[in-house]
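*Asks:* Sharing coords03.cif (mmCIF, C-alpha atoms) below.
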data_query
#
loop_
_atom_site.group_PDB
_atom_site.id
_atom_site.type_symbol
_atom_site.label_atom_id
_atom_site.label_comp_id
_atom_site.auth_asym_id
_atom_site.auth_seq_id
_atom_site.Cartn_x
_atom_site.Cartn_y
_atom_site.Cartn_z
ATOM 1 C CA MET A 16 -8.348 19.971 10.622
ATOM 2 C CA ARG A 17 -10.641 17.504 8.837
ATOM 3 C CA ILE A 18 -7.816 16.499 6.505
ATOM 4 C CA TRP A 19 -5.537 15.631 9.428
ATOM 5 C CA THR A 20 -8.207 13.591 11.191
ATOM 6 C CA ALA A 21 -8.955 11.715 7.968
ATOM 7 C CA SER A 22 -5.221 11.210 7.378
ATOM 8 C CA LEU A 23 -4.775 9.711 10.834
ATOM 9 C CA ALA A 24 -7.657 7.333 10.158
ATOM 10 C CA ALA A 25 -6.127 6.313 6.811
ATOM 11 C CA VAL A 26 -2.831 5.527 8.528
ATOM 12 C CA ALA A 27 -4.440 3.824 11.535
ATOM 13 C CA VAL A 28 -6.298 1.308 9.365
ATOM 14 C CA GLN A 29 -3.108 0.058 7.687
ATOM 15 C CA PRO A 30 -1.988 -2.377 10.429
ATOM 16 C CA LEU A 31 -5.455 -3.960 10.246
ATOM 17 C CA VAL A 32 -5.178 -4.353 6.471
ATOM 18 C CA PHE A 33 -1.703 -5.827 6.884
ATOM 19 C CA ALA A 34 -2.879 -8.250 9.580
ATOM 20 C CA ALA A 35 -5.808 -9.323 7.385
ATOM 21 C CA ARG A 36 -3.401 -9.926 4.504
ATOM 22 C CA LEU A 37 -1.187 -12.124 6.694
ATOM 23 C CA ALA A 38 -3.954 -14.002 8.511
ATOM 24 C CA PRO A 39 -4.230 -16.908 6.025
ATOM 25 C CA ASP A 40 -0.459 -17.418 5.976
ATOM 26 C CA HIS A 41 -0.054 -16.918 9.712
ATOM 27 C CA ALA A 42 -2.358 -19.844 10.467
ATOM 28 C CA ALA A 43 0.075 -22.164 8.668
ATOM 29 C CA TRP A 44 3.224 -20.841 10.385
ATOM 30 C CA GLN A 45 4.747 -23.011 13.069
ATOM 31 C CA GLN A 46 6.578 -20.190 14.839
ATOM 32 C CA ALA A 47 5.357 -17.046 16.560
ATOM 33 C CA LEU A 48 5.859 -13.584 15.127
ATOM 34 C CA HIS A 49 8.750 -12.290 17.227
ATOM 35 C CA SER A 50 9.112 -8.991 15.396
ATOM 36 C CA ALA A 51 5.423 -8.221 14.825
ATOM 37 C CA GLY A 52 5.674 -4.884 16.630
ATOM 38 C CA LEU A 53 8.538 -3.722 14.430
ATOM 39 C CA VAL A 54 6.707 -4.855 11.303
ATOM 40 C CA LEU A 55 3.522 -3.022 12.295
ATOM 41 C CA LEU A 56 5.529 0.094 13.143
ATOM 42 C CA SER A 57 7.109 -0.084 9.685
ATOM 43 C CA VAL A 58 3.653 -0.368 8.118
ATOM 44 C CA VAL A 59 2.498 2.740 9.992
ATOM 45 C CA VAL A 60 5.614 4.752 9.089
ATOM 46 C CA LEU A 61 5.371 3.850 5.395
ATOM 47 C CA ALA A 62 1.636 4.554 5.371
ATOM 48 C CA ALA A 63 2.140 7.940 7.031
ATOM 49 C CA ALA A 64 4.812 8.902 4.507
ATOM 50 C CA SER A 65 2.609 7.798 1.628
ATOM 51 C CA VAL A 66 -0.405 9.708 2.943
ATOM 52 C CA LEU A 67 1.631 12.872 3.552
ATOM 53 C CA LEU A 68 3.685 12.873 0.365
ATOM 54 C CA VAL A 69 1.190 11.504 -2.171
ATOM 55 C CA GLY A 70 -2.242 11.077 -0.598
ATOM 56 C CA ILE A 71 -2.935 14.565 0.741
ATOM 57 C CA PRO A 72 -1.601 16.364 -2.370
ATOM 58 C CA GLY A 73 -3.683 14.017 -4.537
ATOM 59 C CA PHE A 74 -6.758 14.717 -2.441
ATOM 60 C CA LEU A 75 -6.217 18.477 -2.689
ATOM 61 C CA LEU A 76 -5.798 18.268 -6.468
ATOM 62 C CA LEU A 77 -8.955 16.223 -6.874
ATOM 63 C CA ARG A 78 -10.847 18.689 -4.713
ATOM 64 C CA LYS A 79 -9.453 21.673 -6.634
ATOM 65 C CA PHE A 80 -10.541 20.204 -9.981
ATOM 66 C CA GLN A 81 -13.901 19.138 -8.504
ATOM 67 C CA ARG A 82 -13.278 15.460 -9.203
ATOM 68 C CA LEU A 83 -13.606 14.337 -5.618
ATOM 69 C CA ASN A 84 -15.616 11.129 -5.310
ATOM 70 C CA TRP A 85 -14.988 7.691 -3.916
ATOM 71 C CA ILE A 86 -13.853 6.241 -7.269
ATOM 72 C CA SER A 87 -11.304 8.958 -8.014
ATOM 73 C CA LEU A 88 -10.027 8.838 -4.447
ATOM 74 C CA ALA A 89 -9.740 5.040 -4.563
ATOM 75 C CA LEU A 90 -7.663 5.328 -7.760
ATOM 76 C CA ALA A 91 -5.514 8.026 -6.147
ATOM 77 C CA GLY A 92 -5.092 5.742 -3.135
ATOM 78 C CA PHE A 93 -3.974 2.902 -5.392
ATOM 79 C CA VAL A 94 -1.351 5.186 -6.925
ATOM 80 C CA ALA A 95 -0.265 6.471 -3.504
ATOM 81 C CA GLY A 96 0.120 2.921 -2.229
ATOM 82 C CA THR A 97 2.016 1.591 -5.220
ATOM 83 C CA LEU A 98 4.202 4.538 -6.199
ATOM 84 C CA PRO A 99 7.061 3.893 -3.718
ATOM 85 C CA LEU A 100 7.228 0.199 -4.661
ATOM 86 C CA ALA A 101 6.974 0.944 -8.374
ATOM 87 C CA ILE A 102 9.940 3.301 -8.115
ATOM 88 C CA LEU A 103 12.126 1.397 -5.637
ATOM 89 C CA GLY A 104 11.106 -2.244 -6.060
ATOM 90 C CA TRP A 105 11.275 -2.650 -9.824
ATOM 91 C CA PRO A 106 13.172 -5.872 -10.696
ATOM 92 C CA ARG A 107 16.528 -4.726 -12.033
ATOM 93 C CA ARG A 108 19.459 -6.450 -13.611
ATOM 94 C CA LEU A 109 21.878 -7.500 -10.854
ATOM 95 C CA GLU A 110 25.130 -8.608 -12.443
ATOM 96 C CA GLY A 111 26.084 -12.173 -11.464
ATOM 97 C CA PHE A 112 23.227 -12.584 -8.969
ATOM 98 C CA SER A 113 21.097 -15.714 -8.765
ATOM 99 C CA ALA A 114 18.331 -16.310 -6.257
ATOM 100 C CA GLY A 115 15.118 -18.160 -5.612
ATOM 101 C CA VAL A 116 12.292 -18.089 -3.094
ATOM 102 C CA ASN A 117 9.382 -20.138 -1.873
ATOM 103 C CA TRP A 118 6.406 -18.547 -3.644
ATOM 104 C CA HIS A 119 2.955 -19.886 -2.750
ATOM 105 C CA GLY A 120 4.433 -23.161 -1.567
ATOM 106 C CA GLN A 121 6.703 -23.786 -4.547
ATOM 107 C CA TYR A 122 10.382 -22.972 -4.974
ATOM 108 C CA VAL A 123 10.969 -20.671 -7.943
ATOM 109 C CA ASP A 124 14.021 -18.924 -9.348
ATOM 110 C CA THR A 125 13.728 -15.143 -9.225
ATOM 111 C CA TYR A 126 17.122 -14.212 -10.680
ATOM 112 C CA ILE A 127 19.415 -16.209 -12.926
ATOM 113 C CA ASP A 128 22.825 -14.696 -13.716
ATOM 114 C CA GLY A 129 21.568 -11.236 -12.800
ATOM 115 C CA LEU A 130 18.407 -11.290 -14.910
ATOM 116 C CA PRO A 131 14.969 -11.239 -13.278
ATOM 117 C CA THR A 132 12.862 -14.232 -14.244
ATOM 118 C CA THR A 133 9.178 -14.319 -15.059
ATOM 119 C CA HIS A 134 8.540 -15.222 -11.430
ATOM 120 C CA ALA A 135 10.363 -12.093 -10.264
ATOM 121 C CA TRP A 136 8.015 -10.032 -12.427
ATOM 122 C CA LEU A 137 4.948 -11.953 -11.223
ATOM 123 C CA MET A 138 5.994 -11.393 -7.616
ATOM 124 C CA PHE A 139 6.494 -7.699 -8.364
ATOM 125 C CA GLY A 140 2.990 -7.507 -9.858
ATOM 126 C CA GLU A 141 1.543 -9.283 -6.848
ATOM 127 C CA GLN A 142 3.263 -6.833 -4.502
ATOM 128 C CA ILE A 143 1.957 -3.892 -6.559
ATOM 129 C CA LEU A 144 -1.586 -5.216 -6.135
ATOM 130 C CA LEU A 145 -1.120 -5.760 -2.394
ATOM 131 C CA PHE A 146 0.352 -2.295 -1.844
ATOM 132 C CA GLY A 147 -2.451 -0.918 -3.995
ATOM 133 C CA LEU A 148 -4.966 -2.630 -1.700
ATOM 134 C CA HIS A 149 -3.449 -0.725 1.221
ATOM 135 C CA GLY A 150 -3.779 2.513 -0.720
ATOM 136 C CA VAL A 151 -7.378 1.903 -1.743
ATOM 137 C CA VAL A 152 -8.492 0.998 1.784
ATOM 138 C CA GLY A 153 -6.631 3.984 3.220
ATOM 139 C CA ALA A 154 -8.154 6.341 0.649
ATOM 140 C CA LEU A 155 -11.679 5.079 1.241
ATOM 141 C CA VAL A 156 -11.292 5.362 5.018
ATOM 142 C CA PHE A 157 -9.861 8.861 4.507
ATOM 143 C CA TYR A 158 -12.823 9.834 2.343
ATOM 144 C CA ALA A 159 -15.393 8.367 4.750
ATOM 145 C CA VAL A 160 -13.891 10.171 7.763
ATOM 146 C CA TRP A 161 -13.471 13.413 5.808
ATOM 147 C CA ARG A 162 -17.105 13.362 4.623
ATOM 148 C CA ARG A 163 -18.444 12.408 8.031
ATOM 149 C CA SER A 164 -16.510 15.175 9.758
ATOM 150 C CA SER A 165 -17.749 17.712 7.199
ATOM 151 C CA LYS A 166 -21.352 16.838 8.056
ATOM 152 C CA HIS A 167 -20.702 17.017 11.784
ATOM 153 C CA PRO A 168 -18.119 19.744 12.438
ATOM 154 C CA CYS A 169 -16.472 19.775 15.837
ATOM 155 C CA GLN A 170 -17.806 22.273 18.322
ATOM 156 C CA ALA A 171 -14.998 24.542 19.494
#
Any chance you could put this one into structure tokens?
*Replies:*
Amino acid sequence: MRIWTASLAAVAVQPLVFAARLAPDHAAWQQALHSAGLVLLSVVVLAAASVLLVGIPGFLLLRKFQRLNWISLALAGFVAGTLPLAILGWPRRLEGFSAGVNWHGQYVDTYIDGLPTTHAWLMFGEQILLFGLHGVVGALVFYAVWRRSSKHPCQA
């Protein structure tokens, strides 16, 4: 039961992390966020999948091998947060595709004739770090709730 409570806490904190990440950019936007609810729902769904498929098994392995501490769990959280992006978001060769984006206020090419540019790789690295931040925060919240609930078990 403690694992499920801690898992819910790890998922519940993710919209707050996402909102904190967007806060500096949101202040500069001229338009309102019309699809904020859908975006936050997506954050929760992805966080729940990550916690269930990677986070809980990682936690159980760390506990089995008696390596459970906040550092090891933070590293496991980083992996849990970045694994889906690392597998699915890797810049690939896209035959005949060219594109560019506004990145930190400057237009940059991301693909030229199907090849990812240096900026595409830098953006990928930045996204890895941001997804990793979500994982680390989720893992630390998980660990804090799990430890707190083990000290104060629920009365049935």
*Asks:* Exactly which residues make up the result of the PyMOL selection byres ((chain A and resi 25-40) around 9) on this file, given as an NGL selection string?
*Replies:* :A and (20-24 or 41-44 or 55-56 or 58-63 or 66 or 145 or 148-150 or 152-158 or 160)
*Asks:* For Leu144 (chain A), which residue among A:Phe80, A:Trp161, A:Phe112, A:Phe93 is the nearest when counting all atoms listed in the file?
*Replies:*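 For Leu144 (chain A), the nearest of the candidates is A:Phe93.
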*Asks:* Using the chain letters and numbers from the file, give me the residues hit by the PyMOL selection byres ((chain A and resi 116) around 12), as an mmCIF file with C-alpha atoms, in the frame of the given file.
*Replies:*
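Full text of result.cif as output:
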data_model
loop_
_atom_site.group_PDB
_atom_site.id
_atom_site.type_symbol
_atom_site.label_atom_id
_atom_site.label_comp_id
_atom_site.auth_asym_id
_atom_site.auth_seq_id
_atom_site.Cartn_x
_atom_site.Cartn_y
_atom_site.Cartn_z
ATOM 1 C CA SER A 113 21.097 -15.714 -8.765
ATOM 2 C CA ALA A 114 18.331 -16.310 -6.257
ATOM 3 C CA GLY A 115 15.118 -18.160 -5.612
ATOM 4 C CA ASN A 117 9.382 -20.138 -1.873
ATOM 5 C CA TRP A 118 6.406 -18.547 -3.644
ATOM 6 C CA HIS A 119 2.955 -19.886 -2.750
ATOM 7 C CA GLY A 120 4.433 -23.161 -1.567
ATOM 8 C CA GLN A 121 6.703 -23.786 -4.547
ATOM 9 C CA TYR A 122 10.382 -22.972 -4.974
ATOM 10 C CA VAL A 123 10.969 -20.671 -7.943
ATOM 11 C CA ASP A 124 14.021 -18.924 -9.348
ATOM 12 C CA THR A 125 13.728 -15.143 -9.225
ATOM 13 C CA TYR A 126 17.122 -14.212 -10.680
ATOM 14 C CA THR A 132 12.862 -14.232 -14.244
ATOM 15 C CA HIS A 134 8.540 -15.222 -11.430
ATOM 16 C CA ALA A 135 10.363 -12.093 -10.264
ATOM 17 C CA MET A 138 5.994 -11.393 -7.616
#
*Asks:* Please report, as JSON, the centre and edge lengths in Å to one decimal of an axis-aligned box covering all listed atoms of region 147-160 of chain A with 5 Å per side.
*Replies:*
{"center_x": -8.9, "center_y": 3.8, "center_z": 1.9, "size_x": 22.9, "size_y": 22.8, "size_z": 21.8}
*Asks:* Quick one: pull the distance between CA of Pro99 (chain A) and CA of Pro72 (chain A), Å, one decimal.
*Replies:*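 Atom-to-atom, CA of Pro99 (chain A) to CA of Pro72 (chain A), that is 15.2 Å.
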*Asks:* For Val94 (chain A), list every protein, DNA or RNA residue within 9 Å, evaluated using all atoms listed in the file, and leave out those in the same chain fewer than 6 positions away; present the list as a count of residues only.
*Replies:* 5
*Asks:* Check the smallest atom-to-atom distance from each of A:Leu67, A:Val54, A:Ile127, A:Leu109 to Gly92 (chain A) using all atoms listed in the file, then report the winner.
*Replies:* A:Leu67
*Asks:* Just the number, please: distance in Å from CA of Phe146 (chain A) to CA of Gly96 (chain A), one decimal.
*Replies:*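 These atoms are spaced 5.2 Å apart.
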*Asks:* Quick one: pull the distance between CA of Glu110 (chain A) and CA of Leu130 (chain A), Å, one decimal.
*Replies:* 7.6 Å
*Asks:* Within 12 Å of Gly140 (chain A), counting all atoms listed in the file, which residues show up once you throw out same-chain ones fewer than 6 positions away? Write them as a tab-separated table (two decimals) with C-alpha atoms, keeping the file's coordinate frame, please.
*Replies:*
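Once everything was written out, this is selection-v8.tsv:
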chain	number	residue	atom	x	y	z
A	97	THR	CA	2.02	1.59	-5.22
A	100	LEU	CA	7.23	0.20	-4.66
A	101	ALA	CA	6.97	0.94	-8.37
A	104	GLY	CA	11.11	-2.24	-6.06
A	105	TRP	CA	11.28	-2.65	-9.82
A	106	PRO	CA	13.17	-5.87	-10.70
A	133	THR	CA	9.18	-14.32	-15.06
A	134	HIS	CA	8.54	-15.22	-11.43
A	146	PHE	CA	0.35	-2.30	-1.84
A	147	GLY	CA	-2.45	-0.92	-4.00
*Asks:* Nearest to Ile102 (chain A) among A:Trp85, A:Phe74, A:Trp19, A:Phe139, with distances taken over all atoms listed in the file: which residue is it?
*Replies:*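 Ranked by minimum distance to Ile102 (chain A), first place goes to A:Phe139.
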*Asks:* Could you write region 93-115 of chain A as a PDB file, in the frame of the given file, with N, CA and C atoms rebuilt where they are missing?
*Replies:*
ATOM      1  N   PHE A  93      -4.743   3.982  -4.762  1.00  0.00           N
ATOM      2  CA  PHE A  93      -3.974   2.902  -5.392  1.00  0.00           C
ATOM      3  C   PHE A  93      -2.610   3.423  -5.842  1.00  0.00           C
ATOM      4  N   VAL A  94      -2.618   4.580  -6.469  1.00  0.00           N
ATOM      5  CA  VAL A  94      -1.351   5.186  -6.925  1.00  0.00           C
ATOM      6  C   VAL A  94      -0.462   5.518  -5.733  1.00  0.00           C
ATOM      7  N   ALA A  95      -1.041   6.116  -4.690  1.00  0.00           N
ATOM      8  CA  ALA A  95      -0.265   6.471  -3.504  1.00  0.00           C
ATOM      9  C   ALA A  95       0.342   5.241  -2.845  1.00  0.00           C
ATOM     10  N   GLY A  96      -0.390   4.143  -2.843  1.00  0.00           N
ATOM     11  CA  GLY A  96       0.120   2.921  -2.229  1.00  0.00           C
ATOM     12  C   GLY A  96       1.187   2.229  -3.046  1.00  0.00           C
ATOM     13  N   THR A  97       1.086   2.333  -4.363  1.00  0.00           N
ATOM     14  CA  THR A  97       2.016   1.591  -5.220  1.00  0.00           C
ATOM     15  C   THR A  97       3.212   2.400  -5.695  1.00  0.00           C
ATOM     16  N   LEU A  98       3.139   3.705  -5.649  1.00  0.00           N
ATOM     17  CA  LEU A  98       4.202   4.538  -6.199  1.00  0.00           C
ATOM     18  C   LEU A  98       5.579   4.253  -5.593  1.00  0.00           C
ATOM     19  N   PRO A  99       5.721   4.176  -4.261  1.00  0.00           N
ATOM     20  CA  PRO A  99       7.061   3.893  -3.718  1.00  0.00           C
ATOM     21  C   PRO A  99       7.611   2.542  -4.187  1.00  0.00           C
ATOM     22  N   LEU A 100       6.773   1.523  -4.216  1.00  0.00           N
ATOM     23  CA  LEU A 100       7.228   0.199  -4.661  1.00  0.00           C
ATOM     24  C   LEU A 100       7.550   0.212  -6.144  1.00  0.00           C
ATOM     25  N   ALA A 101       6.743   0.892  -6.932  1.00  0.00           N
ATOM     26  CA  ALA A 101       6.974   0.944  -8.374  1.00  0.00           C
ATOM     27  C   ALA A 101       8.309   1.615  -8.685  1.00  0.00           C
ATOM     28  N   ILE A 102       8.677   2.595  -7.880  1.00  0.00           N
ATOM     29  CA  ILE A 102       9.940   3.301  -8.115  1.00  0.00           C
ATOM     30  C   ILE A 102      11.116   2.517  -7.552  1.00  0.00           C
ATOM     31  N   LEU A 103      10.991   2.014  -6.328  1.00  0.00           N
ATOM     32  CA  LEU A 103      12.126   1.397  -5.637  1.00  0.00           C
ATOM     33  C   LEU A 103      12.219  -0.116  -5.791  1.00  0.00           C
ATOM     34  N   GLY A 104      11.100  -0.790  -6.072  1.00  0.00           N
ATOM     35  CA  GLY A 104      11.106  -2.244  -6.060  1.00  0.00           C
ATOM     36  C   GLY A 104      11.111  -2.910  -7.415  1.00  0.00           C
ATOM     37  N   TRP A 105      11.269  -2.142  -8.458  1.00  0.00           N
ATOM     38  CA  TRP A 105      11.275  -2.650  -9.824  1.00  0.00           C
ATOM     39  C   TRP A 105      12.387  -3.686  -9.981  1.00  0.00           C
ATOM     40  N   PRO A 106      12.103  -4.885 -10.491  1.00  0.00           N
ATOM     41  CA  PRO A 106      13.172  -5.872 -10.696  1.00  0.00           C
ATOM     42  C   PRO A 106      14.222  -5.342 -11.685  1.00  0.00           C
ATOM     43  N   ARG A 107      15.438  -5.264 -11.224  1.00  0.00           N
ATOM     44  CA  ARG A 107      16.528  -4.726 -12.033  1.00  0.00           C
ATOM     45  C   ARG A 107      17.546  -5.815 -12.334  1.00  0.00           C
ATOM     46  N   ARG A 108      18.354  -5.545 -13.298  1.00  0.00           N
ATOM     47  CA  ARG A 108      19.459  -6.450 -13.611  1.00  0.00           C
ATOM     48  C   ARG A 108      20.502  -6.323 -12.504  1.00  0.00           C
ATOM     49  N   LEU A 109      20.879  -7.450 -11.923  1.00  0.00           N
ATOM     50  CA  LEU A 109      21.878  -7.500 -10.854  1.00  0.00           C
ATOM     51  C   LEU A 109      23.005  -8.431 -11.302  1.00  0.00           C
ATOM     52  N   GLU A 110      24.028  -7.862 -11.821  1.00  0.00           N
ATOM     53  CA  GLU A 110      25.130  -8.608 -12.443  1.00  0.00           C
ATOM     54  C   GLU A 110      25.619  -9.768 -11.572  1.00  0.00           C
ATOM     55  N   GLY A 111      25.560 -10.987 -12.117  1.00  0.00           N
ATOM     56  CA  GLY A 111      26.084 -12.173 -11.464  1.00  0.00           C
ATOM     57  C   GLY A 111      25.252 -12.703 -10.301  1.00  0.00           C
ATOM     58  N   PHE A 112      24.070 -12.214 -10.106  1.00  0.00           N
ATOM     59  CA  PHE A 112      23.227 -12.584  -8.969  1.00  0.00           C
ATOM     60  C   PHE A 112      22.238 -13.654  -9.376  1.00  0.00           C
ATOM     61  N   SER A 113      22.119 -14.691  -8.568  1.00  0.00           N
ATOM     62  CA  SER A 113      21.097 -15.714  -8.765  1.00  0.00           C
ATOM     63  C   SER A 113      20.401 -15.937  -7.427  1.00  0.00           C
ATOM     64  N   ALA A 114      19.086 -16.118  -7.491  1.00  0.00           N
ATOM     65  CA  ALA A 114      18.331 -16.310  -6.257  1.00  0.00           C
ATOM     66  C   ALA A 114      17.017 -17.005  -6.560  1.00  0.00           C
ATOM     67  N   GLY A 115      16.428 -17.537  -5.516  1.00  0.00           N
ATOM     68  CA  GLY A 115      15.118 -18.160  -5.612  1.00  0.00           C
ATOM     69  C   GLY A 115      14.404 -18.026  -4.288  1.00  0.00           C
TER      70      GLY A 115
END
